[in-house]
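A.B. asks: File query.txt follows (compact mmCIF, C-alpha atoms (C1' of nucleotides)):
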# COMPACT_ATOMS: atom_id res chain seq x y z
CA MET A 21 -9.79 -24.51 21.12
CA ALA A 22 -10.47 -21.33 22.95
CA ASP A 23 -6.81 -21.23 23.61
CA GLY A 24 -5.14 -18.68 21.40
CA ALA A 25 -1.40 -18.18 21.43
CA ALA A 26 -0.48 -21.70 20.55
CA ALA A 27 -1.34 -21.89 16.88
CA ILE A 28 -1.26 -25.45 15.71
CA ALA A 29 0.46 -27.06 18.68
CA ASP A 30 -1.39 -27.90 21.84
CA THR A 31 -4.84 -26.85 22.77
CA SER A 32 -5.59 -29.18 25.58
CA SER A 33 -5.42 -32.98 25.92
CA SER A 34 -3.11 -35.37 24.12
CA ALA A 35 -0.64 -33.76 21.78
CA VAL A 36 -1.34 -36.26 19.05
CA ALA A 37 -5.11 -36.17 18.97
CA THR A 38 -5.17 -32.44 19.52
CA GLY A 39 -2.48 -31.75 16.98
CA GLY A 40 -4.55 -33.68 14.51
CA VAL A 41 -7.64 -31.69 15.30
CA ALA A 42 -5.81 -28.38 15.20
CA ALA A 43 -4.22 -29.33 11.91
CA ASP A 44 -7.58 -30.27 10.46
CA ARG A 45 -9.08 -27.04 11.66
CA LEU A 46 -6.22 -25.09 10.18
CA ARG A 47 -6.51 -27.00 6.96
CA SER A 48 -10.18 -26.11 6.87
CA PHE A 49 -9.41 -22.40 7.26
CA ILE A 50 -6.73 -22.54 4.64
CA GLU A 51 -9.00 -24.25 2.20
CA ARG A 52 -11.77 -21.75 2.75
CA ILE A 53 -9.29 -19.00 2.06
CA GLU A 54 -8.05 -20.70 -1.04
CA ARG A 55 -11.58 -21.17 -2.30
CA LEU A 56 -12.29 -17.49 -1.81
CA GLU A 57 -9.00 -16.63 -3.44
CA GLU A 58 -10.05 -18.63 -6.49
CA ASP A 59 -13.32 -16.72 -6.66
CA LYS A 60 -11.44 -13.49 -6.44
CA GLN A 61 -9.14 -14.50 -9.25
CA ALA A 62 -12.16 -15.40 -11.34
CA ILE A 63 -13.63 -11.97 -10.80
CA MET A 64 -10.37 -10.30 -11.64
CA ALA A 65 -10.29 -12.34 -14.83
CA ASP A 66 -13.78 -11.09 -15.64
CA MET A 67 -12.62 -7.55 -15.12
CA LYS A 68 -9.76 -8.09 -17.49
CA GLU A 69 -12.25 -9.42 -20.01
CA VAL A 70 -14.39 -6.33 -19.71
CA TYR A 71 -11.38 -4.11 -20.21
CA ALA A 72 -10.37 -6.20 -23.18
CA GLU A 73 -13.84 -5.99 -24.69
CA ALA A 74 -13.92 -2.24 -24.18
CA LYS A 75 -10.50 -1.97 -25.76
CA GLY A 76 -11.83 -3.96 -28.67
CA GLU A 77 -14.41 -1.23 -29.18
CA GLY A 78 -11.85 1.50 -29.09
CA TYR A 79 -11.92 2.57 -25.48
CA ASP A 80 -8.67 3.14 -23.70
CA ALA A 81 -8.27 0.92 -20.65
CA LYS A 82 -5.98 3.41 -18.99
CA ILE A 83 -8.59 6.10 -19.18
CA MET A 84 -11.28 3.72 -17.99
CA ARG A 85 -9.23 2.74 -15.00
CA GLN A 86 -8.72 6.38 -14.18
CA ILE A 87 -12.45 7.02 -14.41
CA VAL A 88 -13.18 4.11 -12.11
CA ARG A 89 -10.57 5.33 -9.69
CA ILE A 90 -11.88 8.89 -9.66
CA ARG A 91 -15.43 7.71 -9.13
CA LYS A 92 -14.21 5.56 -6.29
CA MET A 93 -12.35 8.50 -4.78
CA ASP A 94 -15.49 10.57 -5.03
CA ARG A 95 -17.32 7.88 -3.14
CA VAL A 96 -14.59 7.52 -0.54
CA GLU A 97 -14.30 11.23 -0.07
CA ARG A 98 -18.03 11.54 0.29
CA GLN A 99 -17.91 8.92 3.02
CA GLU A 100 -15.02 10.63 4.72
CA GLN A 101 -16.83 13.94 4.57
CA GLU A 102 -19.74 12.29 6.28
CA ALA A 103 -17.47 10.66 8.80
CA ILE A 104 -15.86 13.98 9.59
CA LEU A 105 -19.22 15.64 9.91
CA GLU A 106 -20.22 12.96 12.36
CA LEU A 107 -16.99 13.48 14.26
CA TYR A 108 -17.67 17.18 14.48
CA LEU A 109 -21.19 16.58 15.61
CA SER A 110 -20.15 14.15 18.31
CA ALA A 111 -17.39 16.53 19.38
CA LEU A 112 -19.93 19.32 19.69
CA GLY A 113 -22.30 17.01 21.49
CA GLU A 114 -19.71 16.48 24.15
CA ALA A 115 -18.84 20.13 24.64
CA MET B 26 -10.20 0.27 -38.46
CA ALA B 27 -13.24 0.09 -36.20
CA ASP B 28 -12.01 3.30 -34.63
CA GLY B 29 -9.48 2.44 -31.98
CA ALA B 30 -7.47 5.40 -30.83
CA ALA B 31 -10.28 7.83 -30.32
CA ALA B 32 -11.81 6.51 -27.13
CA ILE B 33 -15.12 8.17 -26.51
CA ALA B 34 -15.39 10.19 -29.67
CA ASP B 35 -16.32 8.74 -32.98
CA THR B 36 -17.32 5.29 -34.00
CA SER B 37 -19.20 6.12 -37.13
CA SER B 38 -22.01 8.55 -38.01
CA SER B 39 -22.91 11.93 -36.49
CA ALA B 40 -20.69 13.18 -33.73
CA VAL B 41 -23.62 14.02 -31.50
CA ALA B 42 -25.61 10.80 -31.72
CA THR B 43 -22.46 8.77 -31.66
CA GLY B 44 -21.02 10.64 -28.74
CA GLY B 45 -24.16 9.77 -26.83
CA VAL B 46 -23.98 6.14 -27.81
CA ALA B 47 -20.28 5.94 -27.12
CA ALA B 48 -20.81 7.56 -23.74
CA ASP B 49 -23.56 5.10 -22.90
CA ARG B 50 -21.43 2.19 -23.99
CA LEU B 51 -18.58 3.50 -21.92
CA ARG B 52 -20.87 3.98 -18.97
CA SER B 53 -21.98 0.40 -19.36
CA PHE B 54 -18.40 -0.85 -19.28
CA ILE B 55 -17.58 1.28 -16.30
CA GLU B 56 -20.57 0.02 -14.42
CA ARG B 57 -19.77 -3.59 -15.18
CA ILE B 58 -16.31 -2.99 -13.84
CA GLU B 59 -17.62 -1.33 -10.74
CA ARG B 60 -20.04 -4.16 -10.15
CA LEU B 61 -17.24 -6.68 -10.39
CA GLU B 62 -15.13 -4.55 -8.14
CA GLU B 63 -17.87 -4.64 -5.54
CA ASP B 64 -18.01 -8.41 -5.76
CA LYS B 65 -14.29 -8.56 -5.30
CA GLN B 66 -14.49 -6.37 -2.25
CA ALA B 67 -17.19 -8.63 -0.83
CA ILE B 68 -14.97 -11.66 -1.27
CA MET B 69 -12.05 -9.90 0.31
CA ALA B 70 -14.28 -9.07 3.22
CA ASP B 71 -15.16 -12.75 3.52
CA MET B 72 -11.48 -13.61 3.54
CA LYS B 73 -10.90 -11.14 6.32
CA GLU B 74 -13.69 -12.78 8.24
CA VAL B 75 -12.10 -16.17 7.86
CA TYR B 76 -8.78 -14.83 9.04
CA ALA B 77 -10.51 -13.19 11.96
CA GLU B 78 -12.29 -16.38 12.88
CA ALA B 79 -9.06 -18.33 12.68
CA LYS B 80 -7.36 -15.72 14.80
CA GLY B 81 -10.15 -16.13 17.31
CA GLU B 82 -9.15 -19.76 17.59
CA GLY B 83 -5.51 -18.97 18.10
CA TYR B 84 -4.12 -19.18 14.61
CA ASP B 85 -1.77 -16.51 13.37
CA ALA B 86 -3.07 -14.75 10.25
CA LYS B 87 0.37 -13.81 9.07
CA ILE B 88 1.51 -17.39 9.12
CA MET B 89 -1.66 -18.51 7.42
CA ARG B 90 -1.04 -16.04 4.64
CA GLN B 91 2.43 -17.46 4.21
CA ILE B 92 1.03 -20.96 4.00
CA VAL B 93 -1.46 -19.91 1.37
CA ARG B 94 1.29 -18.22 -0.58
CA ILE B 95 3.57 -21.23 -0.42
CA ARG B 96 0.84 -23.62 -1.45
CA LYS B 97 0.04 -21.33 -4.35
CA MET B 98 3.66 -21.37 -5.42
CA ASP B 99 3.71 -25.13 -5.14
CA ARG B 100 0.67 -25.26 -7.38
CA VAL B 101 2.28 -22.94 -9.89
CA GLU B 102 5.47 -24.95 -9.85
CA ARG B 103 3.51 -28.13 -10.19
CA GLN B 104 1.73 -26.69 -13.21
CA GLU B 105 4.99 -25.64 -14.73
CA GLN B 106 6.38 -29.10 -14.16
CA GLU B 107 3.35 -30.53 -15.85
CA ALA B 108 3.69 -28.09 -18.70
CA ILE B 109 7.27 -29.17 -19.18
CA LEU B 110 6.28 -32.79 -18.96
CA GLU B 111 3.61 -32.23 -21.56
CA LEU B 112 6.12 -30.49 -23.73
CA TYR B 113 8.44 -33.46 -23.50
CA LEU B 114 5.63 -35.87 -24.19
CA SER B 115 4.44 -33.99 -27.24
CA ALA B 116 8.02 -33.68 -28.40
CA LEU B 117 8.41 -37.41 -28.11
CA GLY B 118 5.13 -37.97 -29.88
CA GLU B 119 6.36 -35.86 -32.73
CA ALA B 120 9.88 -37.23 -32.75
CA MET C 9 30.10 -1.01 -10.98
CA ALA C 10 28.31 -0.91 -14.25
CA ASP C 11 27.60 -4.53 -13.77
CA GLY C 12 24.27 -5.14 -12.19
CA ALA C 13 23.16 -8.59 -11.12
CA ALA C 14 26.04 -9.28 -8.80
CA ALA C 15 25.23 -7.13 -5.81
CA ILE C 16 28.30 -6.86 -3.62
CA ALA C 17 30.31 -9.75 -5.01
CA ASP C 18 32.30 -9.38 -8.17
CA THR C 19 32.39 -6.41 -10.42
CA SER C 20 35.62 -6.89 -12.24
CA SER C 21 39.23 -7.39 -11.07
CA SER C 22 40.51 -8.96 -7.88
CA ALA C 23 37.89 -10.21 -5.49
CA VAL C 24 39.57 -8.58 -2.53
CA ALA C 25 40.12 -5.11 -3.88
CA THR C 26 36.80 -5.14 -5.63
CA GLY C 27 34.93 -6.55 -2.68
CA GLY C 28 36.38 -3.75 -0.60
CA VAL C 29 35.33 -1.14 -3.09
CA ALA C 30 31.86 -2.61 -3.48
CA ALA C 31 31.48 -2.79 0.28
CA ASP C 32 32.54 0.81 0.64
CA ARG C 33 30.17 1.87 -2.08
CA LEU C 34 27.36 -0.06 -0.44
CA ARG C 35 28.22 1.40 2.92
CA SER C 36 28.03 4.83 1.37
CA PHE C 37 24.56 4.18 0.00
CA ILE C 38 23.39 2.74 3.29
CA GLU C 39 24.66 5.72 5.18
CA ARG C 40 23.01 8.16 2.83
CA ILE C 41 19.76 6.31 3.35
CA GLU C 42 20.17 6.32 7.09
CA ARG C 43 20.88 10.03 7.07
CA LEU C 44 17.71 10.67 5.10
CA GLU C 45 15.80 8.35 7.38
CA GLU C 46 16.92 10.42 10.35
CA ASP C 47 15.69 13.57 8.67
CA LYS C 48 12.40 11.92 7.99
CA GLN C 49 12.06 10.85 11.60
CA ALA C 50 12.79 14.40 12.68
CA ILE C 51 10.02 15.71 10.49
CA MET C 52 7.61 13.10 11.73
CA ALA C 53 8.48 14.15 15.24
CA ASP C 54 7.70 17.74 14.30
CA MET C 55 4.37 16.65 12.97
CA LYS C 56 3.59 14.87 16.19
CA GLU C 57 4.47 18.05 18.03
CA VAL C 58 2.08 20.06 15.92
CA TYR C 59 -0.67 17.57 16.56
CA ALA C 60 0.10 17.66 20.25
CA GLU C 61 0.06 21.43 20.32
CA ALA C 62 -3.25 21.49 18.49
CA LYS C 63 -4.62 18.93 20.86
CA GLY C 64 -3.50 21.15 23.72
CA GLU C 65 -5.75 23.86 22.28
CA GLY C 66 -8.69 21.55 22.06
CA TYR C 67 -8.48 20.33 18.49
CA ASP C 68 -9.00 16.68 17.78
CA ALA C 69 -6.03 15.07 16.06
CA LYS C 70 -8.20 12.45 14.44
CA ILE C 71 -10.30 15.09 12.78
CA MET C 72 -7.24 17.05 11.73
CA ARG C 73 -5.74 13.99 10.13
CA GLN C 74 -8.93 13.44 8.23
CA ILE C 75 -8.95 17.02 7.03
CA VAL C 76 -5.38 16.71 5.85
CA ARG C 77 -6.22 13.49 4.07
CA ILE C 78 -9.28 14.91 2.35
CA ARG C 79 -7.40 17.98 1.22
CA LYS C 80 -4.71 15.72 -0.15
CA MET C 81 -7.32 13.67 -1.98
CA ASP C 82 -8.75 16.85 -3.42
CA ARG C 83 -5.34 17.75 -4.71
CA VAL C 84 -4.72 14.29 -6.12
CA GLU C 85 -8.12 14.15 -7.73
CA ARG C 86 -7.65 17.56 -9.24
CA GLN C 87 -4.39 16.37 -10.75
CA GLU C 88 -5.99 13.20 -12.00
CA GLN C 89 -8.83 15.13 -13.56
CA GLU C 90 -6.27 17.19 -15.38
CA ALA C 91 -4.37 14.09 -16.39
CA ILE C 92 -7.52 12.50 -17.73
CA LEU C 93 -8.43 15.65 -19.60
CA GLU C 94 -5.02 15.61 -21.17
CA LEU C 95 -5.46 11.97 -22.07
CA TYR C 96 -8.77 12.72 -23.73
CA LEU C 97 -7.31 15.63 -25.59
CA SER C 98 -4.38 13.63 -26.86
CA ALA C 99 -6.74 10.81 -27.78
CA LEU C 100 -8.88 13.22 -29.75
CA GLY C 101 -5.83 14.77 -31.30
CA GLU C 102 -4.93 11.42 -32.75
CA ALA C 103 -8.38 10.60 -34.07
CA MET D 3 -12.94 23.64 31.06
CA ALA D 4 -10.44 25.58 28.97
CA ASP D 5 -12.30 24.36 25.88
CA GLY D 6 -11.00 20.94 25.00
CA ALA D 7 -13.59 18.67 23.49
CA ALA D 8 -15.24 21.10 21.20
CA ALA D 9 -12.69 21.31 18.43
CA ILE D 10 -13.49 24.20 16.17
CA ALA D 11 -16.43 25.67 18.01
CA ASP D 12 -16.06 27.73 21.09
CA THR D 13 -13.01 28.86 22.94
CA SER D 14 -14.43 31.79 24.79
CA SER D 15 -16.50 34.86 23.75
CA SER D 16 -18.95 35.25 20.87
CA ALA D 17 -19.55 32.20 18.77
CA VAL D 18 -18.99 34.11 15.55
CA ALA D 19 -15.75 35.87 16.31
CA THR D 20 -14.45 32.84 18.11
CA GLY D 21 -15.45 30.46 15.37
CA GLY D 22 -13.45 32.60 12.98
CA VAL D 23 -10.44 32.63 15.25
CA ALA D 24 -10.66 28.93 15.95
CA ALA D 25 -10.98 28.22 12.25
CA ASP D 26 -7.92 30.36 11.52
CA ARG D 27 -5.98 28.64 14.22
CA LEU D 28 -7.02 25.28 12.88
CA ARG D 29 -6.09 26.34 9.38
CA SER D 30 -2.70 27.32 10.67
CA PHE D 31 -2.14 23.93 12.25
CA ILE D 32 -3.33 22.15 9.14
CA GLU D 33 -1.01 24.16 6.97
CA ARG D 34 1.96 23.49 9.21
CA ILE D 35 1.19 19.80 8.97
CA GLU D 36 0.87 19.96 5.23
CA ARG D 37 4.14 21.80 4.95
CA LEU D 38 5.89 19.14 7.00
CA GLU D 39 4.21 16.44 4.99
CA GLU D 40 5.62 17.98 1.83
CA ASP D 41 9.09 17.97 3.32
CA LYS D 42 8.65 14.36 4.27
CA GLN D 43 7.60 13.47 0.76
CA ALA D 44 10.65 15.25 -0.59
CA ILE D 45 12.91 13.21 1.64
CA MET D 46 11.19 10.01 0.67
CA ALA D 47 11.75 10.95 -2.95
CA ASP D 48 15.43 11.44 -2.19
CA MET D 49 15.56 8.02 -0.62
CA LYS D 50 14.00 6.51 -3.69
CA GLU D 51 16.65 8.22 -5.76
CA VAL D 52 19.40 6.73 -3.66
CA TYR D 53 17.88 3.29 -3.97
CA ALA D 54 17.55 3.79 -7.70
CA GLU D 55 21.17 4.89 -7.99
CA ALA D 56 22.30 1.89 -5.99
CA LYS D 57 20.19 -0.37 -8.14
CA GLY D 58 21.86 1.14 -11.17
CA GLU D 59 25.15 -0.07 -9.76
CA GLY D 60 23.88 -3.55 -9.18
CA TYR D 61 22.74 -3.44 -5.58
CA ASP D 62 19.42 -4.92 -4.62
CA ALA D 63 17.11 -2.40 -2.99
CA LYS D 64 15.21 -4.98 -1.04
CA ILE D 65 18.37 -6.28 0.56
CA MET D 66 19.52 -2.75 1.30
CA ARG D 67 16.25 -2.07 3.05
CA GLN D 68 16.79 -5.14 5.15
CA ILE D 69 20.25 -3.98 6.07
CA VAL D 70 18.94 -0.58 7.09
CA ARG D 71 16.25 -2.22 9.17
CA ILE D 72 18.68 -4.54 10.91
CA ARG D 73 21.11 -1.74 11.68
CA LYS D 74 18.24 0.27 13.06
CA MET D 75 17.27 -2.61 15.33
CA ASP D 76 20.84 -2.92 16.45
CA ARG D 77 20.83 0.75 17.32
CA VAL D 78 17.59 0.44 19.22
CA GLU D 79 18.89 -2.56 21.12
CA ARG D 80 22.09 -0.75 21.87
CA GLN D 81 20.12 2.16 23.26
CA GLU D 82 18.04 -0.12 25.36
CA GLN D 83 21.16 -1.72 26.72
CA GLU D 84 22.50 1.69 27.56
CA ALA D 85 19.23 2.66 29.16
CA ILE D 86 19.42 -0.41 31.35
CA LEU D 87 23.01 0.31 32.18
CA GLU D 88 22.11 3.85 33.14
CA LEU D 89 19.30 2.53 35.24
CA TYR D 90 21.72 0.28 37.06
CA LEU D 91 24.20 3.06 37.53
CA SER D 92 21.66 5.47 38.91
CA ALA D 93 20.31 2.71 41.14
CA LEU D 94 23.78 2.16 42.48
CA GLY D 95 24.30 5.88 42.89
CA GLU D 96 21.16 6.05 44.91
CA ALA D 97 21.71 2.83 46.81
C1' DC E 11 -3.61 -5.15 22.40
C1' DG E 12 -6.73 -4.18 18.68
C1' DG E 13 -7.83 -1.08 14.85
C1' DC E 14 -6.35 2.26 11.61
C1' DG E 15 -3.37 4.62 8.53
C1' DC E 16 0.85 4.74 6.11
C1' DT E 17 4.61 2.65 3.80
C1' DA E 18 6.64 -0.98 1.17
C1' DC E 19 6.43 -4.97 -1.72
C1' DG E 20 4.97 -7.80 -5.52
C1' DT E 21 2.48 -7.91 -9.89
C1' DC E 22 1.01 -6.38 -14.18
C1' DC E 23 1.12 -3.40 -18.11
C1' DG E 24 3.13 -0.47 -21.46
C1' DT E 25 7.52 1.01 -23.43
C1' DC E 26 11.79 0.97 -25.78
C1' DG F 16 13.03 -9.11 -23.55
C1' DA F 17 14.13 -5.99 -19.96
C1' DC F 18 12.96 -1.83 -17.70
C1' DG F 19 10.39 1.24 -15.43
C1' DG F 20 5.82 2.82 -13.80
C1' DA F 21 1.17 2.05 -11.81
C1' DC F 22 -1.93 -0.61 -9.15
C1' DG F 23 -3.50 -3.34 -5.50
C1' DT F 24 -2.37 -5.85 -1.46
C1' DA F 25 0.21 -7.04 2.68
C1' DG F 26 3.07 -5.76 6.67
C1' DC F 27 4.24 -2.40 10.23
C1' DG F 28 3.94 1.17 13.60
C1' DC F 29 1.23 4.50 16.12
C1' DC F 30 -2.86 5.74 18.69
C1' DG F 31 -6.47 4.94 21.45
Since I need it in another form, could you write the structure as structure tokens?
C.D. replies:
Amino acid sequence: MADGAAAIADTSSSAVATGGVAADRLRSFIERIERLEEDKQAIMADMKEVYAEAKGEGYDAKIMRQIVRIRKMDRVERQEQEAILELYLSALGEA
Amino acid sequence: MADGAAAIADTSSSAVATGGVAADRLRSFIERIERLEEDKQAIMADMKEVYAEAKGEGYDAKIMRQIVRIRKMDRVERQEQEAILELYLSALGEA
Amino acid sequence: MADGAAAIADTSSSAVATGGVAADRLRSFIERIERLEEDKQAIMADMKEVYAEAKGEGYDAKIMRQIVRIRKMDRVERQEQEAILELYLSALGEA
Amino acid sequence: MADGAAAIADTSSSAVATGGVAADRLRSFIERIERLEEDKQAIMADMKEVYAEAKGEGYDAKIMRQIVRIRKMDRVERQEQEAILELYLSALGEA
DNA sequence: CGGCGCTACGTCCGTC
DNA sequence: GACGGACGTAGCGCCG
């Protein structure tokens, strides 16, 4: 390892042994990703369930999504406002 | 009827009390969604970490993503094949 | 024309004549796109110029971009708020 | 010093007057940017229209995008070739 | 050359 | 059942 560029192929010693190791390492990464991906899908399924349940009680999913989005935007904007404030402050600090 | 269409508004009794209850219920749904969303974000962050780590060892994230995608498609195809197979089998069982 | 699926290939009569026509039509679309793309690039260049000019007067482009983004978000959010209000109103109207 | 770093704040004389001027100047830049951004959005909308029209006649937008991209690369390459050629020519002229 | 922001693509949902 | 629209995610290009 510690090589970089080569992805998969060589890293150091014998092509065969090394290739095997690299492949195993790669496989490990891939599997970790896939495991996480599964978890993510599970969560997304839960979200769908919640929307479905809400719909079952007469709430409109479209509206709910919009509310979630707006609240998120509020949060994001808040953060950006803070970020910009910080930028201003650091800019002034350097004057 | 349950209520359906009205989202927010009525469910049954007095508009005021009900509005409050409906709002609380809605709030509850929204918060569940937002909680799940957070979890999802956390997982995505983990995935980014994995990609970063892999990159640090010389693997190309873009290629890894392609691999994941292809494997996923394989899985889907496999499932479809199995579904078809099952269909055939049940058809034969019923023949 | 009026066909769909086939992209380029057949549309109706003789492959040659038709192919020629389709190719010409495609070429026309492509060129329109490329013309628009050029215009877009020109505008983006103008924007860069403005940022550069501002920078020349001591304004920080990064901050400016953030301001522009926030203002845009404000606009979008405003619109979404209105959209949601409308949704609520129509939902209530149907109750 | 000219001003530089400070963005917003000082440029020269009294903080108040100057702040106002700087703010106005900044506002002007921001508005120019926003105006250009609008134009850009308009052009992008036009492009979407063209793609939609093409799609309506059976052409695949994704493929068209690829074509545009490839042609653009060709153009860029061509320009680079010419740049190199020019370089050679000027080198010879100066030799 | 690494991070960030914007654009473009694929997916999912609602519609007709 | 297909179409179009909306959303979220992935790729790309610019800036630092």
A.B. asks: Got a sec: who's within 10 Å of Ala103 in chain A, counting all atoms listed in the file, leaving out chain neighbours fewer than 6 positions off, as a list in words?
C.D. replies: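 My reading of the contact set: Glu97 and Leu109 of chain A; Ile71 and Gln74 of chain C.
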A.B. asks: Hand me chain B as it sits after a least-squares fit onto chain D over every Cα, paired in order, written as a short mmCIF file (atom, residue, chain, number, x, y, z; two decimals) with C-alpha atoms, keeping the file's coordinate frame.
C.D. replies:
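Result file follows (out29.cif):
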data_model
loop_
_atom_site.label_atom_id
_atom_site.label_comp_id
_atom_site.auth_asym_id
_atom_site.auth_seq_id
_atom_site.Cartn_x
_atom_site.Cartn_y
_atom_site.Cartn_z
CA MET B 26 -10.96 24.13 31.11
CA ALA B 27 -9.55 26.01 28.14
CA ASP B 28 -12.26 24.38 26.08
CA GLY B 29 -11.06 20.97 25.01
CA ALA B 30 -13.81 18.78 23.68
CA ALA B 31 -15.42 21.24 21.36
CA ALA B 32 -12.91 21.33 18.54
CA ILE B 33 -13.69 24.17 16.22
CA ALA B 34 -16.52 25.75 18.11
CA ASP B 35 -16.06 27.87 21.15
CA THR B 36 -12.99 29.07 22.91
CA SER B 37 -14.43 32.07 24.63
CA SER B 38 -16.48 35.08 23.50
CA SER B 39 -18.99 35.43 20.66
CA ALA B 40 -19.67 32.34 18.63
CA VAL B 41 -19.24 34.17 15.35
CA ALA B 42 -15.96 35.96 15.98
CA THR B 43 -14.60 32.97 17.79
CA GLY B 44 -15.67 30.56 15.13
CA GLY B 45 -13.70 32.65 12.67
CA VAL B 46 -10.66 32.74 14.88
CA ALA B 47 -10.90 29.07 15.69
CA ALA B 48 -11.25 28.27 12.00
CA ASP B 49 -8.21 30.36 11.18
CA ARG B 50 -6.21 28.74 13.93
CA LEU B 51 -7.28 25.35 12.70
CA ARG B 52 -6.39 26.29 9.16
CA SER B 53 -2.98 27.33 10.39
CA PHE B 54 -2.42 23.97 12.05
CA ILE B 55 -3.60 22.11 9.02
CA GLU B 56 -1.31 24.06 6.78
CA ARG B 57 1.67 23.50 9.02
CA ILE B 58 0.93 19.81 8.89
CA GLU B 59 0.60 19.84 5.15
CA ARG B 60 3.84 21.72 4.79
CA LEU B 61 5.63 19.16 6.91
CA GLU B 62 3.99 16.41 4.97
CA GLU B 63 5.37 17.88 1.78
CA ASP B 64 8.84 17.96 3.27
CA LYS B 65 8.48 14.36 4.27
CA GLN B 66 7.44 13.41 0.78
CA ALA B 67 10.46 15.24 -0.60
CA ILE B 68 12.76 13.27 1.67
CA MET B 69 11.11 10.03 0.72
CA ALA B 70 11.65 10.94 -2.88
CA ASP B 71 15.33 11.49 -2.13
CA MET B 72 15.49 8.08 -0.52
CA LYS B 73 13.97 6.53 -3.59
CA GLU B 74 16.59 8.27 -5.66
CA VAL B 75 19.36 6.84 -3.54
CA TYR B 76 17.90 3.37 -3.84
CA ALA B 77 17.60 3.86 -7.57
CA GLU B 78 21.17 5.01 -7.86
CA ALA B 79 22.37 2.05 -5.82
CA LYS B 80 20.31 -0.25 -7.97
CA GLY B 81 21.97 1.29 -10.99
CA GLU B 82 25.27 0.13 -9.57
CA GLY B 83 24.06 -3.38 -8.98
CA TYR B 84 22.91 -3.27 -5.40
CA ASP B 85 19.61 -4.84 -4.45
CA ALA B 86 17.21 -2.34 -2.86
CA LYS B 87 15.36 -4.99 -0.95
CA ILE B 88 18.52 -6.18 0.71
CA MET B 89 19.58 -2.64 1.43
CA ARG B 90 16.29 -2.01 3.16
CA GLN B 91 16.87 -5.08 5.29
CA ILE B 92 20.31 -3.84 6.23
CA VAL B 93 18.93 -0.47 7.22
CA ARG B 94 16.26 -2.15 9.28
CA ILE B 95 18.72 -4.42 11.04
CA ARG B 96 21.10 -1.59 11.81
CA LYS B 97 18.18 0.38 13.19
CA MET B 98 17.25 -2.51 15.43
CA ASP B 99 20.84 -2.81 16.56
CA ARG B 100 20.78 0.87 17.44
CA VAL B 101 17.54 0.47 19.35
CA GLU B 102 18.87 -2.54 21.18
CA ARG B 103 22.07 -0.72 21.92
CA GLN B 104 20.08 2.16 23.36
CA GLU B 105 18.05 -0.18 25.46
CA GLN B 106 21.22 -1.81 26.71
CA GLU B 107 22.54 1.59 27.59
CA ALA B 108 19.31 2.50 29.29
CA ILE B 109 19.54 -0.63 31.38
CA LEU B 110 23.16 0.06 32.14
CA GLU B 111 22.28 3.56 33.22
CA LEU B 112 19.53 2.19 35.36
CA TYR B 113 21.97 -0.14 37.07
CA LEU B 114 24.49 2.62 37.52
CA SER B 115 21.98 5.00 39.04
CA ALA B 116 20.69 2.19 41.21
CA LEU B 117 24.20 1.58 42.44
CA GLY B 118 24.73 5.27 42.99
CA GLU B 119 21.65 5.35 45.13
CA ALA B 120 22.30 2.08 46.90
#
A.B. asks: Find, counting only C-alpha atoms, the residue in C:Lys56, C:Lys48, C:Lys70, C:Arg79 that gets nearest to Arg29 in chain D.
C.D. replies: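 Of all the options, C:Arg79 lies closest to Arg29 in chain D.
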A.B. asks: Can you work out the spacing between CA of Arg103 in chain B and CA of Glu57 in chain A in Å, to one decimal?
C.D. replies: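 Distance between the two atoms: 18.3 Å.
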A.B. asks: Skip Tyr59 in chain C itself and residues of its chain fewer than 4 positions away, then list as a PDB file with C-alpha atoms, keeping the file's coordinate frame all residues within 7 Å of it, counting all atoms listed in the file.
C.D. replies:
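Output below, filename selection32.pdb:
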ATOM      1  CA  MET C  55       4.370  16.650  12.970  1.00  0.00           C
ATOM      2  CA  LYS C  63      -4.620  18.930  20.860  1.00  0.00           C
ATOM      3  CA  ALA C  69      -6.030  15.070  16.060  1.00  0.00           C
TER       4      ALA C  69
END
A.B. asks: Residues of chain B near chain A: apply a cut-off of 9 Å, count only C-alpha atoms, and supply the list as a ChimeraX atom specification.
C.D. replies: /B:27-33,36,50-51,54-59,61-62,64-66,68-69,71-72,75-76,78-85,89-90,92-93,97
A.B. asks: Enumerate as a list of chain:residue names the residues belonging to chain E that approach chain D to within 12 Å, with all atoms listed in the file taken into account.
C.D. replies: E:DT17, E:DA18, E:DC19, E:DG20
A.B. asks: Any idea what the distance is between CA of Tyr96 in chain C and CA of Asp49 in chain B?
C.D. replies: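 Straight-line distance from CA of Tyr96 in chain C to CA of Asp49 in chain B works out to 16.7 Å.
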A.B. asks: If the cut-off is 12 Å, can you tell me the residues of chain F near chain C, counting all atoms listed in the file? I'd like them as a PyMOL selection string.
C.D. replies: chain F and resi 29-31
A.B. asks: Interatomic distance between C1' of DG15 in chain E and C1' of DC27 in chain F?
C.D. replies: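 Distance reported for this atom pair: 10.5 Å.
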A.B. asks: Give the centre and edge lengths of an axis-aligned box, in Å to one decimal, that holds all listed atoms of range 93-96 of chain B with 4 Å on each side, as lines of an AutoDock Vina configuration file.
C.D. replies:
center_x = 1.1
center_y = -20.9
center_z = 0.0
size_x = 13.0
size_y = 13.4
size_z = 10.8
